[in-house]
Amino acid sequence: MARQIGAERLATGHYARIRRNEQSGRWELCRARDDSKDQSYFLWGLTQDQLARSEFPLGELSKDDVRSVARLANLPVADKPESMELCFVPNGNYVQFIEAYSRERGSALANSEGE
């Protein structure tokens, strides 16, 4: 999507870091400095091309640091409560997300019963 709109790089709010290994020439996905906020596990599937075009500005910061920066910028989310929701699931409707994702991947769910 970023390339489609002409963006050269994409910055996300994930707590992770990347670095270029000069010996191998490859990009490496690294854990965030703040172990309690690390989200690198979620990003394991990024390709070399995607990592090369990615920025993770929160990876070097703690949550308290991020909140301080947000307060200085007068952002309304500076004191937002912690969220455990998935950022890419609209309105928290997991069932709708899973059904749409399955259809998009060409493997619609045969049985959608259950909690």
# chains A, B, ... in the order shown; residues from 1 in each chain; ligands from 1
$ residues_around --residues "Ala108 of chain A" --least-positions-apart "4" --cutoff "12 Å" --atoms "only C-alpha atoms" --output "VMD selection string"
chain A and resid 96 to 104 112
$ write_last_selection --atoms "all heavy atoms" --output "PDB file, in the first residue's frame"
ATOM      1  N   GLN A  96     -15.696 -10.770  12.234  1.00  0.00           N
ATOM      2  CA  GLN A  96     -15.777 -10.154  10.906  1.00  0.00           C
ATOM      3  C   GLN A  96     -14.400 -10.092  10.253  1.00  0.00           C
ATOM      4  O   GLN A  96     -14.254 -10.377   9.064  1.00  0.00           O
ATOM      5  CB  GLN A  96     -16.376  -8.763  11.015  1.00  0.00           C
ATOM      6  CG  GLN A  96     -16.614  -8.092   9.680  1.00  0.00           C
ATOM      7  CD  GLN A  96     -17.221  -6.708   9.853  1.00  0.00           C
ATOM      8  OE1 GLN A  96     -17.052  -6.061  10.873  1.00  0.00           O
ATOM      9  NE2 GLN A  96     -17.934  -6.273   8.834  1.00  0.00           N
ATOM     10  N   PHE A  97     -13.380  -9.755  11.024  1.00  0.00           N
ATOM     11  CA  PHE A  97     -12.024  -9.683  10.483  1.00  0.00           C
ATOM     12  C   PHE A  97     -11.556 -11.054   9.989  1.00  0.00           C
ATOM     13  O   PHE A  97     -11.043 -11.187   8.884  1.00  0.00           O
ATOM     14  CB  PHE A  97     -11.047  -9.158  11.533  1.00  0.00           C
ATOM     15  CG  PHE A  97      -9.612  -9.251  11.089  1.00  0.00           C
ATOM     16  CD1 PHE A  97      -9.085  -8.305  10.221  1.00  0.00           C
ATOM     17  CD2 PHE A  97      -8.810 -10.303  11.499  1.00  0.00           C
ATOM     18  CE1 PHE A  97      -7.769  -8.404   9.789  1.00  0.00           C
ATOM     19  CE2 PHE A  97      -7.495 -10.406  11.072  1.00  0.00           C
ATOM     20  CZ  PHE A  97      -6.974  -9.456  10.214  1.00  0.00           C
ATOM     21  N   ILE A  98     -11.739 -12.090  10.786  1.00  0.00           N
ATOM     22  CA  ILE A  98     -11.286 -13.436  10.414  1.00  0.00           C
ATOM     23  C   ILE A  98     -12.039 -13.934   9.188  1.00  0.00           C
ATOM     24  O   ILE A  98     -11.440 -14.524   8.282  1.00  0.00           O
ATOM     25  CB  ILE A  98     -11.433 -14.413  11.600  1.00  0.00           C
ATOM     26  CG1 ILE A  98     -10.415 -14.029  12.687  1.00  0.00           C
ATOM     27  CG2 ILE A  98     -11.244 -15.857  11.157  1.00  0.00           C
ATOM     28  CD1 ILE A  98     -10.619 -14.745  14.002  1.00  0.00           C
ATOM     29  N   GLU A  99     -13.335 -13.682   9.131  1.00  0.00           N
ATOM     30  CA  GLU A  99     -14.115 -14.106   7.969  1.00  0.00           C
ATOM     31  C   GLU A  99     -13.636 -13.391   6.704  1.00  0.00           C
ATOM     32  O   GLU A  99     -13.444 -14.016   5.666  1.00  0.00           O
ATOM     33  CB  GLU A  99     -15.608 -13.851   8.209  1.00  0.00           C
ATOM     34  CG  GLU A  99     -16.210 -14.807   9.211  1.00  0.00           C
ATOM     35  CD  GLU A  99     -17.642 -14.457   9.592  1.00  0.00           C
ATOM     36  OE1 GLU A  99     -18.097 -13.314   9.324  1.00  0.00           O
ATOM     37  OE2 GLU A  99     -18.306 -15.333  10.180  1.00  0.00           O
ATOM     38  N   ALA A 100     -13.428 -12.076   6.780  1.00  0.00           N
ATOM     39  CA  ALA A 100     -12.971 -11.308   5.614  1.00  0.00           C
ATOM     40  C   ALA A 100     -11.562 -11.733   5.206  1.00  0.00           C
ATOM     41  O   ALA A 100     -11.282 -11.898   4.010  1.00  0.00           O
ATOM     42  CB  ALA A 100     -13.012  -9.809   5.926  1.00  0.00           C
ATOM     43  N   TYR A 101     -10.699 -11.937   6.172  1.00  0.00           N
ATOM     44  CA  TYR A 101      -9.328 -12.357   5.884  1.00  0.00           C
ATOM     45  C   TYR A 101      -9.317 -13.725   5.211  1.00  0.00           C
ATOM     46  O   TYR A 101      -8.612 -13.946   4.234  1.00  0.00           O
ATOM     47  CB  TYR A 101      -8.509 -12.388   7.173  1.00  0.00           C
ATOM     48  CG  TYR A 101      -7.080 -12.815   6.980  1.00  0.00           C
ATOM     49  CD1 TYR A 101      -6.134 -11.941   6.464  1.00  0.00           C
ATOM     50  CD2 TYR A 101      -6.668 -14.111   7.301  1.00  0.00           C
ATOM     51  CE1 TYR A 101      -4.822 -12.327   6.282  1.00  0.00           C
ATOM     52  CE2 TYR A 101      -5.363 -14.512   7.121  1.00  0.00           C
ATOM     53  CZ  TYR A 101      -4.436 -13.619   6.612  1.00  0.00           C
ATOM     54  OH  TYR A 101      -3.146 -14.022   6.424  1.00  0.00           O
ATOM     55  N   SER A 102     -10.141 -14.638   5.716  1.00  0.00           N
ATOM     56  CA  SER A 102     -10.214 -15.977   5.138  1.00  0.00           C
ATOM     57  C   SER A 102     -10.718 -15.926   3.703  1.00  0.00           C
ATOM     58  O   SER A 102     -10.187 -16.606   2.830  1.00  0.00           O
ATOM     59  CB  SER A 102     -11.134 -16.875   5.980  1.00  0.00           C
ATOM     60  OG  SER A 102     -10.598 -17.047   7.268  1.00  0.00           O
ATOM     61  N   ARG A 103     -11.747 -15.124   3.457  1.00  0.00           N
ATOM     62  CA  ARG A 103     -12.266 -14.978   2.086  1.00  0.00           C
ATOM     63  C   ARG A 103     -11.195 -14.408   1.163  1.00  0.00           C
ATOM     64  O   ARG A 103     -11.004 -14.882   0.050  1.00  0.00           O
ATOM     65  CB  ARG A 103     -13.499 -14.069   2.070  1.00  0.00           C
ATOM     66  CG  ARG A 103     -14.789 -14.747   2.460  1.00  0.00           C
ATOM     67  CD  ARG A 103     -16.007 -13.889   2.117  1.00  0.00           C
ATOM     68  NE  ARG A 103     -15.933 -12.536   2.657  1.00  0.00           N
ATOM     69  CZ  ARG A 103     -16.289 -12.180   3.890  1.00  0.00           C
ATOM     70  NH1 ARG A 103     -16.746 -13.081   4.724  1.00  0.00           N
ATOM     71  NH2 ARG A 103     -16.203 -10.919   4.277  1.00  0.00           N
ATOM     72  N   GLU A 104     -10.479 -13.393   1.648  1.00  0.00           N
ATOM     73  CA  GLU A 104      -9.437 -12.758   0.844  1.00  0.00           C
ATOM     74  C   GLU A 104      -8.334 -13.741   0.485  1.00  0.00           C
ATOM     75  O   GLU A 104      -7.770 -13.699  -0.598  1.00  0.00           O
ATOM     76  CB  GLU A 104      -8.854 -11.578   1.620  1.00  0.00           C
ATOM     77  CG  GLU A 104      -7.810 -10.806   0.861  1.00  0.00           C
ATOM     78  CD  GLU A 104      -7.265  -9.649   1.694  1.00  0.00           C
ATOM     79  OE1 GLU A 104      -8.068  -8.814   2.127  1.00  0.00           O
ATOM     80  OE2 GLU A 104      -6.041  -9.611   1.903  1.00  0.00           O
ATOM     81  N   SER A 112     -18.569 -21.543  10.949  1.00  0.00           N
ATOM     82  CA  SER A 112     -18.254 -20.358  11.747  1.00  0.00           C
ATOM     83  C   SER A 112     -18.929 -20.388  13.112  1.00  0.00           C
ATOM     84  O   SER A 112     -19.038 -19.365  13.772  1.00  0.00           O
ATOM     85  CB  SER A 112     -18.649 -19.097  10.971  1.00  0.00           C
ATOM     86  OG  SER A 112     -20.040 -19.105  10.718  1.00  0.00           O
TER      87      SER A 112
END
$ select_by_dssp --residues "chain A" --states "alpha helix (DSSP H)" --output "ChimeraX atom specification"
/A:48-52,63-72,94-104
$ write_last_selection --atoms "N, CA, C and O atoms" --output "compact mmCIF listing (two decimals), in the first residue's frame"
# COMPACT_ATOMS: atom_id res chain seq x y z
N GLN A 48 12.86 -8.80 3.34
CA GLN A 48 13.99 -7.89 3.31
C GLN A 48 13.59 -6.54 2.69
O GLN A 48 13.97 -5.49 3.18
N ASP A 49 12.81 -6.60 1.62
CA ASP A 49 12.36 -5.37 0.97
C ASP A 49 11.48 -4.55 1.92
O ASP A 49 11.61 -3.33 2.00
N GLN A 50 10.59 -5.22 2.65
CA GLN A 50 9.73 -4.51 3.59
C GLN A 50 10.53 -3.92 4.74
O GLN A 50 10.30 -2.77 5.14
N LEU A 51 11.48 -4.67 5.27
CA LEU A 51 12.32 -4.15 6.35
C LEU A 51 13.14 -2.96 5.88
O LEU A 51 13.30 -1.97 6.62
N ALA A 52 13.63 -3.02 4.66
CA ALA A 52 14.44 -1.92 4.11
C ALA A 52 13.65 -0.63 4.00
O ALA A 52 14.24 0.45 4.04
N LYS A 63 7.59 3.12 27.04
CA LYS A 63 6.24 3.66 26.94
C LYS A 63 6.18 5.03 27.63
O LYS A 63 5.54 5.96 27.12
N ASP A 64 6.86 5.17 28.76
CA ASP A 64 6.89 6.46 29.45
C ASP A 64 7.53 7.54 28.57
O ASP A 64 7.06 8.69 28.54
N ASP A 65 8.60 7.18 27.85
CA ASP A 65 9.25 8.13 26.93
C ASP A 65 8.27 8.56 25.84
O ASP A 65 8.18 9.75 25.50
N VAL A 66 7.54 7.60 25.30
CA VAL A 66 6.59 7.89 24.22
C VAL A 66 5.49 8.82 24.74
O VAL A 66 5.12 9.79 24.08
N ARG A 67 5.00 8.54 25.93
CA ARG A 67 3.97 9.41 26.52
C ARG A 67 4.51 10.83 26.74
O ARG A 67 3.80 11.81 26.51
N SER A 68 5.75 10.96 27.17
CA SER A 68 6.35 12.28 27.38
C SER A 68 6.43 13.06 26.07
O SER A 68 6.10 14.25 26.02
N VAL A 69 6.86 12.39 25.01
CA VAL A 69 6.94 13.04 23.70
C VAL A 69 5.54 13.46 23.25
O VAL A 69 5.35 14.57 22.73
N ALA A 70 4.55 12.59 23.45
CA ALA A 70 3.17 12.91 23.06
C ALA A 70 2.64 14.10 23.86
O ALA A 70 1.95 14.97 23.30
N ARG A 71 2.96 14.17 25.15
CA ARG A 71 2.53 15.32 25.96
C ARG A 71 3.17 16.62 25.46
O ARG A 71 2.49 17.64 25.36
N LEU A 72 4.45 16.56 25.14
CA LEU A 72 5.13 17.75 24.62
C LEU A 72 4.51 18.24 23.32
O LEU A 72 4.51 19.44 23.02
N TYR A 94 -13.58 -9.24 15.83
CA TYR A 94 -12.64 -10.27 15.40
C TYR A 94 -13.28 -11.26 14.42
O TYR A 94 -12.63 -11.71 13.49
N VAL A 95 -14.54 -11.60 14.66
CA VAL A 95 -15.21 -12.56 13.79
C VAL A 95 -15.27 -12.02 12.36
O VAL A 95 -14.92 -12.71 11.41
N GLN A 96 -15.70 -10.77 12.23
CA GLN A 96 -15.78 -10.15 10.91
C GLN A 96 -14.40 -10.09 10.25
O GLN A 96 -14.25 -10.38 9.06
N PHE A 97 -13.38 -9.75 11.02
CA PHE A 97 -12.02 -9.68 10.48
C PHE A 97 -11.56 -11.05 9.99
O PHE A 97 -11.04 -11.19 8.88
N ILE A 98 -11.74 -12.09 10.79
CA ILE A 98 -11.29 -13.44 10.41
C ILE A 98 -12.04 -13.93 9.19
O ILE A 98 -11.44 -14.52 8.28
N GLU A 99 -13.34 -13.68 9.13
CA GLU A 99 -14.12 -14.11 7.97
C GLU A 99 -13.64 -13.39 6.70
O GLU A 99 -13.44 -14.02 5.67
N ALA A 100 -13.43 -12.08 6.78
CA ALA A 100 -12.97 -11.31 5.61
C ALA A 100 -11.56 -11.73 5.21
O ALA A 100 -11.28 -11.90 4.01
N TYR A 101 -10.70 -11.94 6.17
CA TYR A 101 -9.33 -12.36 5.88
C TYR A 101 -9.32 -13.72 5.21
O TYR A 101 -8.61 -13.95 4.23
N SER A 102 -10.14 -14.64 5.72
CA SER A 102 -10.21 -15.98 5.14
C SER A 102 -10.72 -15.93 3.70
O SER A 102 -10.19 -16.61 2.83
N ARG A 103 -11.75 -15.12 3.46
CA ARG A 103 -12.27 -14.98 2.09
C ARG A 103 -11.20 -14.41 1.16
O ARG A 103 -11.00 -14.88 0.05
N GLU A 104 -10.48 -13.39 1.65
CA GLU A 104 -9.44 -12.76 0.84
C GLU A 104 -8.33 -13.74 0.48
O GLU A 104 -7.77 -13.70 -0.60
$ atom_distance --atom1 "atom CA of Ser107 of chain A" --atom2 "atom CA of Asn91 of chain A"
23.3 Å
$ residues_around --residues "Leu61 of chain A" --least-positions-apart "3" --cutoff "12 Å" --atoms "only C-alpha atoms" --output "PyMOL selection string"
chain A and resi 13-17+31-38+56-58+64-69
$ write_last_selection --atoms "C-alpha atoms" --output "mmCIF file, in the first residue's frame"
data_model
loop_
_atom_site.group_PDB
_atom_site.id
_atom_site.type_symbol
_atom_site.label_atom_id
_atom_site.label_comp_id
_atom_site.auth_asym_id
_atom_site.auth_seq_id
_atom_site.Cartn_x
_atom_site.Cartn_y
_atom_site.Cartn_z
ATOM 1 C CA GLY A 13 3.966 2.460 16.061
ATOM 2 C CA HIS A 14 5.289 -1.023 16.752
ATOM 3 C CA TYR A 15 7.898 -1.454 19.451
ATOM 4 C CA ALA A 16 10.676 -3.108 17.457
ATOM 5 C CA ARG A 17 13.981 -2.131 15.871
ATOM 6 C CA ARG A 31 13.587 -6.620 19.827
ATOM 7 C CA ALA A 32 12.573 -3.246 21.226
ATOM 8 C CA ARG A 33 14.753 -1.740 23.940
ATOM 9 C CA ASP A 34 11.744 -2.000 26.290
ATOM 10 C CA ASP A 35 11.246 -5.760 26.708
ATOM 11 C CA SER A 36 7.824 -5.216 28.268
ATOM 12 C CA LYS A 37 6.595 -3.551 25.045
ATOM 13 C CA ASP A 38 8.472 -5.565 22.417
ATOM 14 C CA PHE A 56 10.121 1.743 13.929
ATOM 15 C CA PRO A 57 10.629 5.007 15.818
ATOM 16 C CA LEU A 58 9.299 3.630 19.111
ATOM 17 C CA ASP A 64 6.890 6.464 29.447
ATOM 18 C CA ASP A 65 9.245 8.127 26.929
ATOM 19 C CA VAL A 66 6.588 7.891 24.221
ATOM 20 C CA ARG A 67 3.968 9.409 26.516
ATOM 21 C CA SER A 68 6.348 12.279 27.381
ATOM 22 C CA VAL A 69 6.938 13.038 23.699
#
$ atom_distance --atom1 "atom CA of Glu60 of chain A" --atom2 "atom CA of Ile18 of chain A"
10.3 Å
